[in-house]
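J.: First the structure, which I've put down as C-alpha cells, then a few questions once you've had a look.
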Amino acid sequence: MTDPAPTPDDKADAQWLAALAGQPDAQADDRLNRQAAALRQALQQRSRRLDEAVPAADAALWQQLQFRLRREGLLTQPPRWQRLPAWGLAATVALAVGLGLQLGVGQGGWFSGWFNGDSSADVLRSGPGLQLRVSQPEARLAELLAGLQVAGAQPTVSRPGGGRILLQVAASEAVLSYLASQRIEPARADGTITLLLVPLTDQP
Amino acid sequence: MTDEDILAGVCQGGRQQDAAVKALYQAHAQAMLRFFVHQGVSAEDASDILQDTLVKIIRSAHGFRGTGSAQAWLWQVARNCLLDFHAARARWAGRELAVDAARWDSLADTTPAPLACAMDATVDACVASGLDAFAQQMPERAHALALQMEGLSIEAIGRQIGRSAAATKEYLSQCRKKIQPFVAHCIDLLSH
C-alpha cells in the first residue's frame with residue numbers, strides 16, 4: 001500500500017517545520033516563512049534563557065545521587081580505604097608510621113587497640129559544634145578535606161592540641177550534601193559548620 | 001557503553017551495577033536536567049526529578065525487555081517522573097486554589113489576557129510573548145517545537161517525546177495548529 005498523496009496542508013506543515021529548523025523553502029508563502037522565522041527566533045531566545053537555568057550535572061549532584069542510592073541500597077558501599085584519595089592514603093600511612101614510632105606498638109599506646117582489631121566507627125557527640133570521635137583524626141581530616149574541596153568549599157583547619165582538629169567550613173547545599181553522604185548532620189551557627197575531630201582515646 | 005549495556009549492567013548488581021550507574025549518569029543526567037527545565041521546572045526541582053528518574057531506572061531496569069530502544073525506555077521513565085511531579089504539584093495547587101478562589105476571582109477581572117500583545121512594538125516581541133503563553137499552557141508541545149528548531153531529526157525528537165517517527169510528524173503538525181492562536185495575529189503587525 002502506498003502513502004496517500006500529500007495535501008496542501010501537509011505541504012504547508014513541511015514548509016513551516018523546515019523554516020522553523022532554519023531551512024525555509026523559497027517557494028513557500030511569505031507569511032508562512034516570516035511567521036516560522038519569528039517563532040524560530042523566539043524559540044532560540046527562550047532556549048538560551050532556559051539553558052542558563054539548567055543545573056550542571058556535576059560532582060556535587062553525583063554525590064547527592066550516590067548518597068540517595070546508597071541509602072536505598074541501590075549502590076554498593078566502597079571500603080573506606082577506597083574512598084580515601086591517594087595523597088590522603090599516603091599521608092595516613094606516613095602518619096601511622098610516625099605515630100607508631102613515637103607511641104610504640106603493643107605498649108598500651110594508641111596503636112595497641114588498633115592492632116588488636118578495635119576499628120570502632122566514628123562516634124558523634126553534640127555540642128556547640130559537632131564532635132566527631134574518630135580512631136584516626138588526621139586520616140579522617142584528609143578524607144573530609146578532599147570531599148569538601150569537591151563540594152567547592154574552603155575549610156579552615158586548626159589544631160587546639162591533644163590530637164584534636166578543629167575544622168570550620170561555610171555551610172552550603174553542596175557542603176551539607178557531602179557531609180550527609182558521610183552520615184554527618186552538623187548544626188550551623190551563623191552559616192558556619194564547626195567539626196571537632198577528637199581521637200577515640202581522648203575522654204570527653 | 002551503550003544504553004542497552006547500561007541497563008544490563010544495572011541488572012547484574014555489585015560493581016558492575018556501580019559502573020553502569022555512573023555511565024548512566026554521565027550519558028543522560030545533563031540532557032535530562034535540560035529536558036526538565038525546558039518543561040518549565042525550576043533548577044532545584046529538576047535535580048530532584050533527575051534523582052527520582054535515575055532511582056526508578058535502576059529499580060526497574062529488569063523490566064526493560066529489550067524489544068524497543070533502551071534510550072526510548074530511559075526517556076519514557078524520565079517523562080513519567082516529570083508527569084508524577086506535575087501531578088503532585090497540581091494536587092497542591094488545587095488545595096491552594098481552593099483557599100484563594102475568592103482572591104483569584106477578583107484578580108481575574110484586572111489581569112490582562114496573555115494574548116493581549118497587539119500593542120507590542122514589534123512582531124518579535126509579540127511572537128515571544130505568544131510563545132511564552134503557549135509554553136505555559138502546553139510545555140510538551142513547546143519543547144517539541146524547540147527540538148524541531150534545533151534541527152533534530154524526526155526520529156531523535158520522537159525518542160524524547162516517546163512517539164514513533166510517523167506519530168511525531170503528526171504531533172509536530174498539531175503543534176503548528178495549536179500555536180497559531182498564540183502567534184498568528186503577530187504577523188498582521190507587519191502590514192501596519
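Residue numbers start at 1 in each chain; chains themselves are named A, B, ... in the order of the C-alpha cells; ligands are numbered from 1 in the order shown.
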Residues of chain A within 9 Å of chain B, counting only C-alpha atoms, what are they? List them as a ChimeraX atom specification.
T.: /A:10,13-14,16-22,31,34-35,38-47,50-51,53-58,61-62,64-65,68-69,72,74-76
J.: Restricting it to C-alpha atoms, dump the selection as a CSV table (one decimal), in the first residue's frame.
T.:
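Contents of again_32.csv, as written:
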chain,number,residue,atom,x,y,z
A,10,ASP,CA,0.8,18.6,4.6
A,13,ASP,CA,3.3,21.8,7.5
A,14,ALA,CA,6.5,20.6,6.0
A,16,TRP,CA,6.7,25.6,8.1
A,17,LEU,CA,8.6,23.0,10.0
A,18,ALA,CA,11.6,23.3,7.6
A,19,ALA,CA,11.6,27.1,8.1
A,20,LEU,CA,11.4,26.6,11.9
A,21,ALA,CA,14.5,24.4,11.6
A,22,GLY,CA,16.3,27.3,9.7
A,31,ARG,CA,3.8,34.9,5.6
A,34,ARG,CA,8.1,35.0,8.2
A,35,GLN,CA,6.0,33.5,11.0
A,38,ALA,CA,9.9,34.9,14.0
A,39,LEU,CA,9.0,31.8,16.0
A,40,ARG,CA,12.4,30.3,15.5
A,41,GLN,CA,14.0,33.4,16.9
A,42,ALA,CA,11.7,33.4,19.9
A,43,LEU,CA,12.3,29.7,20.5
A,44,GLN,CA,16.1,30.3,20.3
A,45,GLN,CA,15.9,33.1,22.8
A,46,ARG,CA,13.7,31.1,25.1
A,47,SER,CA,16.1,28.1,24.8
A,50,LEU,CA,16.2,28.3,30.0
A,51,ASP,CA,19.7,26.8,29.4
A,53,ALA,CA,18.8,27.9,34.5
A,54,VAL,CA,19.8,24.3,33.8
A,55,PRO,CA,21.8,23.0,36.8
A,56,ALA,CA,25.1,21.3,36.0
A,57,ALA,CA,25.3,17.5,36.3
A,58,ASP,CA,28.5,18.0,38.3
A,61,LEU,CA,24.9,16.4,42.1
A,62,TRP,CA,26.6,13.0,41.5
A,64,GLN,CA,23.9,13.6,46.2
A,65,LEU,CA,22.7,10.8,43.9
A,68,ARG,CA,20.5,8.5,47.9
A,69,LEU,CA,21.3,5.3,46.0
A,72,GLU,CA,18.2,3.0,49.3
A,74,LEU,CA,21.0,0.5,45.2
A,75,LEU,CA,24.7,1.2,45.2
A,76,THR,CA,27.5,-0.8,47.0
J.: Please list as a ChimeraX atom specification every residue within 12 Å of B:Val77, counting only C-alpha atoms and excluding residues in the same chain fewer than 4 positions away.
T.: /B:32,49-61,63-64,70-73,81-84,159-162
J.: What would the file look like if the residues just selected were written as a PDB file, in the first residue's frame with C-alpha atoms?
T.:
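Printed below is part.pdb as written:
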ATOM      1  CA  MET B  32      17.536  15.080  31.350  1.00  0.00           C
ATOM      2  CA  ILE B  49      13.215  14.787  39.391  1.00  0.00           C
ATOM      3  CA  LEU B  50      16.528  13.603  37.964  1.00  0.00           C
ATOM      4  CA  GLN B  51      17.237  11.688  41.172  1.00  0.00           C
ATOM      5  CA  ASP B  52      13.760  10.147  41.073  1.00  0.00           C
ATOM      6  CA  THR B  53      14.276   9.216  37.432  1.00  0.00           C
ATOM      7  CA  LEU B  54      17.632   7.526  37.973  1.00  0.00           C
ATOM      8  CA  VAL B  55      16.391   5.686  41.056  1.00  0.00           C
ATOM      9  CA  LYS B  56      13.365   4.464  39.103  1.00  0.00           C
ATOM     10  CA  ILE B  57      15.530   3.376  36.181  1.00  0.00           C
ATOM     11  CA  ILE B  58      17.803   1.392  38.494  1.00  0.00           C
ATOM     12  CA  ARG B  59      14.891  -0.177  40.352  1.00  0.00           C
ATOM     13  CA  SER B  60      13.034  -1.185  37.212  1.00  0.00           C
ATOM     14  CA  ALA B  61      15.878  -1.896  34.769  1.00  0.00           C
ATOM     15  CA  GLY B  63      11.604  -4.572  33.388  1.00  0.00           C
ATOM     16  CA  PHE B  64      13.255  -3.497  30.144  1.00  0.00           C
ATOM     17  CA  ALA B  70      16.832   1.356  25.555  1.00  0.00           C
ATOM     18  CA  GLN B  71      17.193   5.093  25.059  1.00  0.00           C
ATOM     19  CA  ALA B  72      13.470   5.455  24.372  1.00  0.00           C
ATOM     20  CA  TRP B  73      12.765   3.448  27.533  1.00  0.00           C
ATOM     21  CA  CYS B  81       8.735  11.110  36.627  1.00  0.00           C
ATOM     22  CA  LEU B  82       8.068  14.582  35.239  1.00  0.00           C
ATOM     23  CA  LEU B  83       4.356  13.769  34.995  1.00  0.00           C
ATOM     24  CA  ASP B  84       4.384  12.462  38.589  1.00  0.00           C
ATOM     25  CA  ARG B 159      12.743   9.374  21.204  1.00  0.00           C
ATOM     26  CA  GLN B 160      12.499  12.360  23.546  1.00  0.00           C
ATOM     27  CA  ILE B 161       8.740  12.735  23.328  1.00  0.00           C
ATOM     28  CA  GLY B 162       8.065   8.988  23.276  1.00  0.00           C
TER      29      GLY B 162
END
J.: Would you mind telling me which residue in A:Val175, A:Ala37, A:Val198, A:Ala94 lies nearest to A:Ala59 when using only C-alpha atoms?
T.: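 Distance minimum relative to A:Ala59 lands on A:Val175.
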J.: Could you tell me, as a ChimeraX atom specification, which residues of chain B DSSP assigns to alpha helix (DSSP H) when given the backbone?
T.: /B:3-12,14-38,43-60,70-99,101-110,123-137,139-149,154-161,165-188
J.: Have a look at atom CA of A:Ser177 and atom CA of A:Leu145 and let me know their distance in Å, one decimal.
T.: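 Separating atom CA of A:Ser177 from atom CA of A:Leu145 is a distance of 14.2 Å.
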J.: What gap, in Å, lies between atom CA of B:Gly158 and atom CA of B:Gly66?
T.: 18.0 Å
J.: What is the distance between atom CA of A:Asp25 and atom CA of B:Phe182, in Å to one decimal?
T.: 23.3 Å
J.: Using only C-alpha atoms for the distances, tell me which of A:Ala36, A:Leu195, A:Ala180, A:Ala174 is nearest to A:Gly152.
T.: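 Ranked by minimum distance to A:Gly152, first place goes to A:Ala174.
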